[in-house]
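Report on the structure given below.
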Amino acid sequence: MALFVDLEEEAEPPQAHQYGLKPEWNGERAKQPPSGTNGSAPTAIARDGEQGQSTVDRESENPNEHNGMAEALGCYPIVMAIASSIDLNTLDNLSRTCRQVHQALLQYRSALVAHSLHCVNEDVLVDPEDTFRYRARAGNWYYMEDGRTGDYNGKSGDCARDMVAECRRCGTVVCRNCAIKPPAPIVLRDRHRRLCFPCSKAPLGALVKPPLRPDTPIDADEMQRAICTCVSKGVWLCQPCGRSIRGADHDYKSIWKWRNQYREVLGGVGTGIGEGDRGAICGREASCCGAKEREQETDCDAADAREQEEYNSNNLSPWSTPSPSSSVSGSPPSERRTPSPQLRPGYARHEIEGIGGVVKTKLVRIVRVGACVPEWEDERNKGEILGREVSGRSRSWCGWCWRVIPGRKDWEGAKGGNGAGKEQK
């Protein structure tokens, strides 16, 4: 290793290198102030030289020379642990922060690039036919609305290394080629879900995962990572989580359209809509702050069919959705799962007599059901659906990433808290 020293500036000593090298400097004569011919006081030119030397010394001071973070990045275990959680773009941005960090990362460049964040599908082979169909279908903004997207059970191309992050819903690490194509900006208004009163009044820290302290400000870094960022940073979802978001939006909107059409009183007769547990459920569902345990009755034929469908999907790739031809009714008898003794009538399975004397079984289980959300009369008269949530006046829940969307009061409270803190200071 060679260390080059510029000897033109004798008034300034060279900086000590971070690897422990101490270059020799013979510039002591530059520090001695020049004197007059007979030992008199220094002249004005000498005083100007001293002022210029002090200015050069102040400008040459590097505040990052003894920075603890830069020194920590020079430690191999620390920098490898950091690189395993970031992608190549983030690693490049980290190396551009200062010169000391760049030199610390440059010595481990090959190891850092190899151990950066990887996509979970990097070892999955690419099927050219499925890739061609997927890319042709993804050219349309609304390609997720048709029911043919479930036939795709691969990835659109080789996995990338420059843009890799966790899915905002399930946390699966995917790259930009394995993530869904972001929906059109106009459909961002359909992702809102209404929250009940307990969830609307609870602190934001109690609605995120993992929970944060109630006094955590909304502009804190940990809070910004926990709330919904679909508008500011874009939609980043894996294929299993993102292929059904548009269908879930249509189902949720159809519920509100039906409720606006059939009111509580229809022709002078009470319909019972909105009474007790017959209202619209909170967007957080089982995780609702006001959730209650209720009995749920399910037809065992439908439950068994759903279990059979999940069983078939587990045998395939986790990124695939079984086609209708692989369902229970369409599969040959040889491929059907043999019923286990647990499917006989018991504590959870009750036998009932149906129409025509047919004996069926129903599955009774205890589930957590979210509290009912409020319904506003002004929105019902105008025919609006979630007008307060779409405009940002009320706090809502994102149906895409399953994270809380702060409302206007949350942002105003954060601004008021910052203003009060500044006045106290």
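Numbering starts fresh at 1 for the residues of each chain in the structure tokens, the chains themselves are lettered A, B, ... in the order given, and ligands are numbered from 1 as they appear.
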
Which polymer residues have any atom within 10 Å of an atom of A:Lys257, counting only C-alpha atoms, with same-chain residues fewer than 5 positions away left out, as an NGL selection string?
:A and (251-252 or 262 or 380 or 383-385)

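Closest approach to A:Ile255 among A:Leu386, A:Pro210, A:Val126, A:His350: A:Leu386, based on only C-alpha atoms.
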
Quick one, how far is atom CA of A:Asn89 from atom CA of A:Val124?
23.0 Å

Polymer residues at most 12 Å from stretch 73-75 of chain A, only C-alpha atoms, same-chain spacing of 4 or more positions, as an MDAnalysis selection string:
chainID A and resid 18:19 67:69 79:83 91 94:95 98 100:109 112

Resulting file, chosen residues, N, CA, C and O atoms, as a CSV table (one decimal), in the first residue's frame:
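Result file is out.csv:
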chain,number,residue,atom,x,y,z
A,18,GLN,N,-6.3,6.2,7.9
A,18,GLN,CA,-7.1,5.4,8.8
A,18,GLN,C,-6.5,4.0,9.0
A,18,GLN,O,-6.9,3.3,9.9
A,19,TYR,N,-5.5,3.6,8.2
A,19,TYR,CA,-5.0,2.3,8.4
A,19,TYR,C,-3.7,2.3,9.3
A,19,TYR,O,-3.0,1.3,9.4
A,67,ASN,N,-15.3,9.6,13.1
A,67,ASN,CA,-16.7,9.3,13.3
A,67,ASN,C,-16.9,7.8,13.7
A,67,ASN,O,-16.3,6.9,13.1
A,68,GLY,N,-17.7,7.6,14.7
A,68,GLY,CA,-17.9,6.2,15.2
A,68,GLY,C,-18.6,5.3,14.2
A,68,GLY,O,-18.3,4.1,14.1
A,69,MET,N,-19.6,5.9,13.4
A,69,MET,CA,-20.3,5.1,12.5
A,69,MET,C,-19.4,4.7,11.3
A,69,MET,O,-19.4,3.5,10.9
A,79,VAL,N,-20.6,-4.8,9.1
A,79,VAL,CA,-21.0,-4.3,7.8
A,79,VAL,C,-21.7,-5.5,7.0
A,79,VAL,O,-22.6,-5.3,6.2
A,80,MET,N,-21.3,-6.7,7.4
A,80,MET,CA,-22.0,-7.9,6.7
A,80,MET,C,-23.4,-8.0,7.2
A,80,MET,O,-24.3,-8.4,6.5
A,81,ALA,N,-23.6,-7.8,8.5
A,81,ALA,CA,-25.0,-7.8,9.0
A,81,ALA,C,-25.9,-6.7,8.5
A,81,ALA,O,-27.0,-7.0,8.2
A,82,ILE,N,-25.3,-5.6,8.2
A,82,ILE,CA,-26.1,-4.5,7.6
A,82,ILE,C,-26.4,-4.8,6.1
A,82,ILE,O,-27.5,-4.6,5.6
A,83,ALA,N,-25.4,-5.3,5.4
A,83,ALA,CA,-25.6,-5.6,4.0
A,83,ALA,C,-26.6,-6.7,3.7
A,83,ALA,O,-27.2,-6.7,2.7
A,91,LEU,N,-27.2,0.0,-0.6
A,91,LEU,CA,-25.8,-0.1,-0.4
A,91,LEU,C,-25.0,0.9,-1.1
A,91,LEU,O,-24.0,1.5,-0.6
A,94,LEU,N,-25.5,4.2,0.7
A,94,LEU,CA,-24.7,4.3,1.9
A,94,LEU,C,-23.2,4.6,1.6
A,94,LEU,O,-22.6,5.3,2.4
A,95,SER,N,-22.7,4.1,0.6
A,95,SER,CA,-21.3,4.3,0.2
A,95,SER,C,-21.1,5.8,-0.2
A,95,SER,O,-19.9,6.2,-0.2
A,98,CYS,N,-20.2,9.6,2.8
A,98,CYS,CA,-18.9,10.4,3.0
A,98,CYS,C,-17.7,9.5,2.5
A,98,CYS,O,-17.9,8.3,2.2
A,100,GLN,N,-15.0,8.5,4.2
A,100,GLN,CA,-14.6,7.5,5.1
A,100,GLN,C,-15.5,6.2,5.0
A,100,GLN,O,-15.0,5.1,5.0
A,101,VAL,N,-16.8,6.4,4.8
A,101,VAL,CA,-17.7,5.2,4.7
A,101,VAL,C,-17.4,4.5,3.4
A,101,VAL,O,-17.4,3.3,3.3
A,102,HIS,N,-17.1,5.3,2.3
A,102,HIS,CA,-16.8,4.7,1.0
A,102,HIS,C,-15.6,3.9,1.1
A,102,HIS,O,-15.5,2.8,0.5
A,103,GLN,N,-14.5,4.4,1.8
A,103,GLN,CA,-13.3,3.6,1.9
A,103,GLN,C,-13.5,2.4,2.8
A,103,GLN,O,-12.9,1.3,2.5
A,104,ALA,N,-14.3,2.5,3.8
A,104,ALA,CA,-14.6,1.3,4.6
A,104,ALA,C,-15.3,0.2,3.9
A,104,ALA,O,-15.1,-1.0,4.1
A,105,LEU,N,-16.3,0.6,3.0
A,105,LEU,CA,-17.1,-0.4,2.3
A,105,LEU,C,-16.3,-1.0,1.1
A,105,LEU,O,-16.6,-2.1,0.6
A,106,LEU,N,-15.4,-0.2,0.6
A,106,LEU,CA,-14.7,-0.6,-0.7
A,106,LEU,C,-13.8,-1.8,-0.4
A,106,LEU,O,-13.7,-2.6,-1.4
A,107,GLN,N,-13.3,-2.0,0.7
A,107,GLN,CA,-12.4,-3.1,1.0
A,107,GLN,C,-13.2,-4.4,1.0
A,107,GLN,O,-12.6,-5.5,0.8
A,108,TYR,N,-14.5,-4.4,1.3
A,108,TYR,CA,-15.3,-5.6,1.3
A,108,TYR,C,-16.3,-5.6,0.2
A,108,TYR,O,-17.4,-6.2,0.3
A,109,ARG,N,-16.0,-5.0,-0.9
A,109,ARG,CA,-17.0,-4.8,-2.0
A,109,ARG,C,-17.6,-6.1,-2.5
A,109,ARG,O,-18.8,-6.3,-2.6
A,112,LEU,N,-19.8,-7.8,0.0
A,112,LEU,CA,-21.0,-7.1,0.3
A,112,LEU,C,-22.0,-7.3,-0.8
A,112,LEU,O,-23.2,-7.5,-0.6

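Excluding A:Val369 itself and same-chain residues fewer than 5 positions from it, the residues having an atom within 6 Å of it are A:Ala286, A:Ala291, A:Lys292, counting only C-alpha atoms.
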
Can you spit out the residues from that selection as a tab-separated table (two decimals), in the first residue's frame, using C-alpha atoms?
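See again-v1.tsv below for the written result:
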chain	number	residue	atom	x	y	z
A	286	ALA	CA	-60.11	-9.87	13.93
A	291	ALA	CA	-63.54	-7.22	18.43
A	292	LYS	CA	-65.77	-9.79	20.13

Using only C-alpha atoms, can you tell me which of A:Ala226, A:Cys401, A:Ala220, A:Leu363 comes closest to A:Leu207?
A:Ala226

Which of these residues is nearest to A:Pro203, using only C-alpha atoms: A:Arg395, A:Lys415, A:Arg388, A:Arg96?
A:Arg395

Got a sec: who's within 12 Å of A:Tyr347, counting only C-alpha atoms, leaving out chain neighbours fewer than 5 positions off, as a CSV table (one decimal) with N, CA, C and O atoms, in the first residue's frame?
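Saved result, out_35.csv, follows:
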chain,number,residue,atom,x,y,z
A,342,GLN,N,-61.5,-37.4,11.7
A,342,GLN,CA,-61.9,-36.1,12.4
A,342,GLN,C,-63.0,-35.4,11.8
A,342,GLN,O,-63.6,-34.5,12.3
A,361,THR,N,-73.9,-31.7,7.7
A,361,THR,CA,-73.2,-31.3,8.9
A,361,THR,C,-72.8,-29.8,8.7
A,361,THR,O,-72.5,-29.3,7.6
A,362,LYS,N,-72.8,-29.1,9.9
A,362,LYS,CA,-72.4,-27.7,9.9
A,362,LYS,C,-71.2,-27.6,10.9
A,362,LYS,O,-71.2,-28.3,11.9
A,363,LEU,N,-70.3,-26.7,10.6
A,363,LEU,CA,-69.1,-26.5,11.4
A,363,LEU,C,-69.4,-25.3,12.3
A,363,LEU,O,-69.6,-24.2,11.8
A,364,VAL,N,-69.3,-25.4,13.6
A,364,VAL,CA,-69.5,-24.3,14.5
A,364,VAL,C,-68.2,-24.0,15.2
A,364,VAL,O,-67.6,-24.9,15.8
A,365,ARG,N,-67.7,-22.8,15.1
A,365,ARG,CA,-66.4,-22.4,15.7
A,365,ARG,C,-66.6,-21.0,16.3
A,365,ARG,O,-67.4,-20.3,15.9

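Nearest residue to A:Pro183 among A:Cys230, A:Val208, A:Cys199, A:Cys282 is A:Cys230, counting only C-alpha atoms.
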
Which value, in Å to one decimal, gives the distance between atom CA of A:Glu122 and atom CA of A:Cys228?
27.5 Å
